[in-house]
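Notes follow the structure.
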Amino acid sequence: MDSSAGRLRTGPGGIILTRNAAQPAGGSQAGRSPVLDAAQLEVLRRYGREYDVVAGDVLFAAGDVTYDLFVVLAGEARLIERRGQPGERVITAYGRSQFLGEIGLLTGQRAFLSAVASTAGRVLRVPVEQVRVVMAQEPSLSELILRTFLLRHSILTGRGSGLTLIGSRFDPGTRRLLEVLARNRLVSKWLELEGSPDAEAMLRELDVPVADLPIVVVPGGPLLRNPGSRELLDALGLSGPGDTDLPGVCDLLVVGAGPGGLAAAVYGASEGMATVLAEDTALGGQAGTSSRIENLLGFPAGLSGEELAARAALQAQKFGVRIKQAARAVSLSSQAGLHRVGFDDGDAVTAKSVIIATGARYNRLPLARLAEFEGVGVYYAATQMEAQACRTDPVAIVGGGNSAGQAAMFLSRSSADVHLIIRGETLQTSMSRYLIDQIERNPRITVTPRTQVTALLGKDQLEGVKLLDSSQRTSALAVGGLFVFIGAQPRTGWLAGQLAEDAHGFLLTGSNIPQAQLEDREWTPLFLETSRPGVFAVGDVRSGSVKRAATAIGEGSMAVRLVFERLQATGSAVTDPPRADTDSRNAAVPTAKEPSP
Ligand SMILES: Cc1cc2nc3c(=O)[nH]c(=O)nc-3n(C[C@H](O)[C@H](O)[C@H](O)COP(=O)(O)OP(=O)(O)OC[C@H]3O[C@@H](n4cnc5c(N)ncnc54)[C@H](O)[C@@H]3O)c2cc1C
C-alpha cells in the first residue's frame, strides 16, 4: 500500500458482518488485542502520524505489497477477509488504543486481509520502516508487538485465512506446495479437489480447468499455477534480494538459515560484515518445525520454533543481513581467496568467507506408498499446520528422541489418542527425563515399545498403519496422521565431496581433518574451519557437533570470530574486526555498518 501519503482510500460499503465478528477463536482478548497505555502510545507517536478517518476508509487492503502499523485512537477499524467478494467476512474489530497487524507486517509479506475504518475516528499510522526501528529500539513495545503478532498469526493459521491452495492429494505438486506453506508458516487453507464442493465452486468462479491444478490464490494478488517455491515467495514479497540487488563481493555468505546460520548471520552483520544469508526452504531450519523448544537458555516456558525463527529473522533484519530465500545452494568453487556459491535459480554470490550451516534432513521410513502420503498423512514436523490437518483423529509418532516426545506432547492437545511407537524397550536411553515425565503423566499418550510400522493403510487417505512387534505379531492401528522422527542425514550433497567429510557425510572441521585431506598441507585449520581455508561449518552439518539448537547457535556465533581471524591472516580487508575482548552488546543499532565499540 502507499505508505507515504496521509490520505486513506475509501472502500465499498455493504460489508457483511458475521455473528462473531469481534470474537476470533483462540488467545485471550488481552493477548491478541492489547490496549496500549498512554506511555506506549506516546512512544509510538514519535514514529508515526495521526489522521482522521471516516467510515469506509481503507487502512490497508489484501494484496498491498507492504502495509503500515495502525493504532486506533478513536472509533473502530475492522479486519476483513475477501473484502468486496462473495463470502466477505469480518474477522475482528479493533477499538481505542488497539493496533492492527500480524507477523507478516514485519517479514514483508503482502497483506492478505483488508482493514477498514467502520466508524469515523482517528488513527496513528506508523510506516513499516519505522516499525522496524521501534522493534530495534523500544524493547518493551517491541516485545508486546511481536507477541501479539505471533499470537494473531497462530489464530489466523487456525482459521485458514490467507492463501488458498487447490489441488489433489494425489498430485506431487500439491504435496510439495503443502510442504512449502507449512515450512514457511504461511497462513493458508487447502481445498482438496476430491470431494470438496468449495474447491469446485472456487474453480468455477476463477474459471480454472482441473488440468491446471494445483493453484495458489493469493488474496488481492496473482493466481499461481503450480508455482515453484521461489515464485510463491516472490508473489508474497518474501524471497528477498535478487542477484542484482546483492553486493558484488560480500564479506560473509552464510548458507542455511536454521539456528546456526541465523546466529552466524546476526553476529557477522552486527560486527559490521556485509553479510548474505541464503536459505532453501524456510527460516528456522529444523528448529522452525519444533512445536516447543524447552531447553533454550532464557526461555523457561519454552519457545516455539516459529517464534525462534521470527525473532531471529527480525534480529537479522535489524543488523542489515541480506536474506535470500527459496535459494538452494548447488555449487561451491573457490579461487584466489574468494568463494563463489551458485544457486538453483542461476544466481551466484561471491564472498570472502562462507559459513556452511545446511544442517540435516529427516530420515524416511522404508515403506511402500510413502511418497503418496507424504504431506497428506505422513509428516516430519509437528506444528500447528500438521495438527490442523489431523484434526482430532488418533495419530502415531515413530521415534524415541526428544523431537518425537515434543511432538507427542503437542499433538495430545488436539488428539485424545496419541501413539508413540518405538523399536527399543524404553524411552530412557533416547529421550530427556523432563519429556519422559511429561509423557508418563499424559493420559492421552500411549507408548508402544519393541514395535515397528511396516505399512501404510488407506485408499484415498491415510486411515491407519500396520504394526509388527518383537514377537512377530502384526496389528492394525487406525490413525489419521503418522509423524516420523527417526534422525537425519547431513545436507552436504551440493558440495560434491569437495570438503573433507566423516564416514556419514558430516563435514570435518579443525583438528579432526586428517592432514592428507587438507587442501593446503602447510596450513592449520581453525576450530570450525573445513578442509578449505575460509570455508567454515557449524551446527548439525558439522561432524561431532551436538545436534541441538543452542549448540548450533553457539557455533554460528563463534564461527564469525574465526572468520575474522582467517580473513586477517590472509590479508583480506574486513570492516572493523571484533577484538577477542570486545563486548559487542552495544552494537545493537539498526544498521549493518555501525562500528563495534
Ligand atoms: C521436530 C524437532 C524438534 C527439535 N527440538 C529441539 C529442542 O527442543 N531442543 C534442541 O536443542 N534441539 C531441538 N531439535 C534439534 C535442532 O532443531 C537442531 O539441532 C538445529 O535446528 C540445528 O540447527 P542448524 O542450523 O545446524 O541446522 P538446521 O536447523 O537443519 O537448518 C539448516 C538449514 O539449511 C537449509 N539448507 C539445507 N541445504 C541447503 C542448501 N543447499 N542451500 C540453502 N539452504 C540449505 C535448510 O533448509 C535449513 O533451513 C529439534 C529438531 C526437530 C526436527
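Order determines the names: the first chain of the C-alpha cells is A, the second B, and so forth; residues in each chain are numbered 1 upward, and ligands are numbered 1 upward as they are shown.
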Discussion item. Please identify the strand (DSSP E or B) residues within region 40-127 of chain A (assignment by DSSP from backbone atoms) and present them as a VMD selection string.
Written reply: chain A and resid 49 to 53 57 to 60 69 to 74 77 to 81 89 to 94 99 114 to 117 121 to 126
Discussion item. Just want the residues within 6 Å of ligand 1, written as a PyMOL selection string, counting only C-alpha atoms and all ligand atoms.
Written reply: chain A and resi 255-261+278-287+289-290+293-295+327-330+357-360+381+403+491+494+539-541+547-550+552
Worksheet item: So, counting only C-alpha atoms, which residue among A:Ser334, A:Thr119, A:Ser471, A:Gln315 is closest to Gly75 (chain A)?
Response: A:Thr119
Practice prompt. Find the residues around region 224-231 of chain A up to 7 Å (only C-alpha atoms counted), leave out those fewer than 5 positions away in its own chain, and share them as a count of residues only.
Written response: 10
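The residue set within 7 Å of Leu499 (chain A), counting only C-alpha atoms and dropping same-chain residues fewer than 3 places from it, reads Thr530, Ser531 and Arg532 of chain A.
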Fill in: Residue contacts of region 65-70 of chain A (9 Å, only C-alpha atoms) excluding same-chain residues fewer than 5 positions away, as a ChimeraX atom specification
/A:1-3,48,59-60,98-101,104-105,108-111,123-131,236-237
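Picture a line from CA of Gly510 (chain A) to CA of Leu528 (chain A); it runs 5.6 Å.
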Discussion item. From the options A:Arg122, A:Arg147, A:Arg89, A:Arg82, which residue's atoms come nearest to Asp52 (chain A), counting only C-alpha atoms?
Written reply: A:Arg122
Worksheet item: Which of these, A:Ser97, A:Gln515, A:Ala264, A:Leu457, has the shortest distance to Glu42 (chain A) once you count only C-alpha atoms?
Response: A:Ser97
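CA of Leu146 (chain A) is positioned 24.2 Å from CA of Gly556 (chain A).
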Leaving out Ala93 (chain A) and any residue of its chain fewer than 6 positions from it, which residues lie within 7 Å of it when counting only C-alpha atoms, given as a compact mmCIF listing (two decimals) with N, CA, C and O atoms, in the first residue's frame?
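File produced: result-v1.txt:
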```
# COMPACT_ATOMS: atom_id res chain seq x y z
N ALA A 22 -16.28 -9.91 16.27
CA ALA A 22 -15.16 -9.45 17.10
C ALA A 22 -14.65 -10.55 18.02
O ALA A 22 -13.98 -10.29 18.98
N GLU A 76 -13.50 2.86 15.40
CA GLU A 76 -13.29 1.41 15.30
C GLU A 76 -12.82 1.04 13.88
O GLU A 76 -13.22 1.67 12.91
N ALA A 77 -11.92 0.04 13.82
CA ALA A 77 -11.48 -0.48 12.50
C ALA A 77 -11.74 -1.97 12.46
O ALA A 77 -11.62 -2.65 13.48
N ARG A 78 -12.10 -2.46 11.28
CA ARG A 78 -12.41 -3.90 11.16
C ARG A 78 -11.45 -4.58 10.20
O ARG A 78 -11.04 -4.00 9.19
N LEU A 79 -11.12 -5.80 10.55
CA LEU A 79 -10.25 -6.62 9.72
C LEU A 79 -11.15 -7.54 8.90
O LEU A 79 -11.99 -8.25 9.47
```
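Nearest residue to Leu106 (chain A), choosing from A:Leu314, A:Leu252, A:Leu467, A:Leu456 and counting only C-alpha atoms: A:Leu314.
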Item to complete: Please identify all polymer residues within 9 Å of Cys250 (chain A), counting only C-alpha atoms, omitting same-chain residues fewer than 3 positions from it, and present them as a list in words.
Response: Leu246, Pro247, Leu253, Met273, Ala274, Thr275, Val276, Val349, Thr350, Ala351, Lys352 and Ser353 of chain A
Worksheet item: How many Å separate CA of Leu44 (chain A) from CA of Val134 (chain A)?
Response: 7.9 Å
So which bits of region 370-450 of chain A end up helix (DSSP H, G or I) when you DSSP the backbone, as a short mmCIF file (atom, residue, chain, number, x, y, z; two decimals) with N, CA and C atoms, in the first residue's frame?
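See states-v6.cif below for the written result:
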```
data_model
loop_
_atom_site.label_atom_id
_atom_site.label_comp_id
_atom_site.auth_asym_id
_atom_site.auth_seq_id
_atom_site.Cartn_x
_atom_site.Cartn_y
_atom_site.Cartn_z
N LEU A 370 4.90 -44.52 0.56
CA LEU A 370 5.25 -43.39 1.43
C LEU A 370 5.05 -42.06 0.70
N ALA A 371 5.60 -41.98 -0.52
CA ALA A 371 5.53 -40.72 -1.26
C ALA A 371 4.08 -40.27 -1.47
N GLU A 372 3.20 -41.25 -1.63
CA GLU A 372 1.78 -40.94 -1.85
C GLU A 372 1.16 -40.18 -0.67
N PHE A 373 1.65 -40.48 0.52
CA PHE A 373 1.03 -39.90 1.72
C PHE A 373 1.85 -38.76 2.34
N GLN A 384 1.47 -26.35 14.14
CA GLN A 384 0.03 -26.11 14.07
C GLN A 384 -0.57 -26.55 12.73
N MET A 385 0.23 -26.42 11.66
CA MET A 385 -0.28 -26.78 10.33
C MET A 385 -0.64 -28.27 10.29
N GLU A 386 0.28 -29.10 10.78
CA GLU A 386 0.05 -30.55 10.73
C GLU A 386 -1.08 -30.93 11.69
N ALA A 387 -1.09 -30.30 12.88
CA ALA A 387 -2.14 -30.61 13.86
C ALA A 387 -3.51 -30.28 13.27
N GLN A 388 -3.56 -29.18 12.56
CA GLN A 388 -4.83 -28.77 11.94
C GLN A 388 -5.27 -29.80 10.91
N ALA A 389 -4.29 -30.32 10.14
CA ALA A 389 -4.63 -31.31 9.11
C ALA A 389 -5.16 -32.60 9.74
N CYS A 390 -4.66 -32.96 10.92
CA CYS A 390 -5.10 -34.22 11.55
C CYS A 390 -6.37 -34.04 12.38
N ASN A 402 13.95 -36.67 21.50
CA ASN A 402 13.24 -35.51 22.03
C ASN A 402 12.24 -34.93 21.05
N SER A 403 12.59 -34.96 19.75
CA SER A 403 11.64 -34.36 18.80
C SER A 403 10.34 -35.16 18.77
N ALA A 404 10.45 -36.49 18.90
CA ALA A 404 9.24 -37.32 18.94
C ALA A 404 8.45 -37.02 20.22
N GLY A 405 9.15 -36.87 21.33
CA GLY A 405 8.49 -36.56 22.61
C GLY A 405 7.76 -35.24 22.57
N GLN A 406 8.42 -34.22 22.00
CA GLN A 406 7.77 -32.91 21.90
C GLN A 406 6.54 -33.00 21.03
N ALA A 407 6.68 -33.75 19.93
CA ALA A 407 5.54 -33.89 19.01
C ALA A 407 4.37 -34.56 19.73
N ALA A 408 4.67 -35.58 20.54
CA ALA A 408 3.60 -36.29 21.27
C ALA A 408 2.88 -35.32 22.21
N MET A 409 3.65 -34.53 22.94
CA MET A 409 3.03 -33.59 23.88
C MET A 409 2.17 -32.57 23.12
N PHE A 410 2.71 -32.08 22.03
CA PHE A 410 1.99 -31.06 21.27
C PHE A 410 0.71 -31.62 20.66
N LEU A 411 0.81 -32.81 20.04
CA LEU A 411 -0.35 -33.37 19.35
C LEU A 411 -1.42 -33.82 20.34
N ARG A 433 14.82 -36.61 30.37
CA ARG A 433 13.99 -37.01 31.50
C ARG A 433 12.72 -36.16 31.61
N TYR A 434 12.88 -34.83 31.39
CA TYR A 434 11.70 -33.96 31.59
C TYR A 434 10.56 -34.34 30.64
N LEU A 435 10.94 -34.77 29.42
CA LEU A 435 9.90 -35.14 28.45
C LEU A 435 9.27 -36.48 28.81
N ILE A 436 10.12 -37.42 29.27
CA ILE A 436 9.58 -38.72 29.67
C ILE A 436 8.56 -38.50 30.79
N ASP A 437 8.90 -37.64 31.76
CA ASP A 437 7.97 -37.36 32.87
C ASP A 437 6.65 -36.81 32.33
N GLN A 438 6.75 -35.86 31.41
CA GLN A 438 5.52 -35.24 30.87
C GLN A 438 4.67 -36.29 30.15
N ILE A 439 5.35 -37.17 29.40
CA ILE A 439 4.62 -38.20 28.63
C ILE A 439 3.96 -39.19 29.58
N GLU A 440 4.69 -39.57 30.63
CA GLU A 440 4.12 -40.54 31.57
C GLU A 440 2.89 -39.97 32.29
N ARG A 441 2.89 -38.66 32.49
CA ARG A 441 1.74 -38.06 33.18
C ARG A 441 0.57 -37.79 32.25
#
```
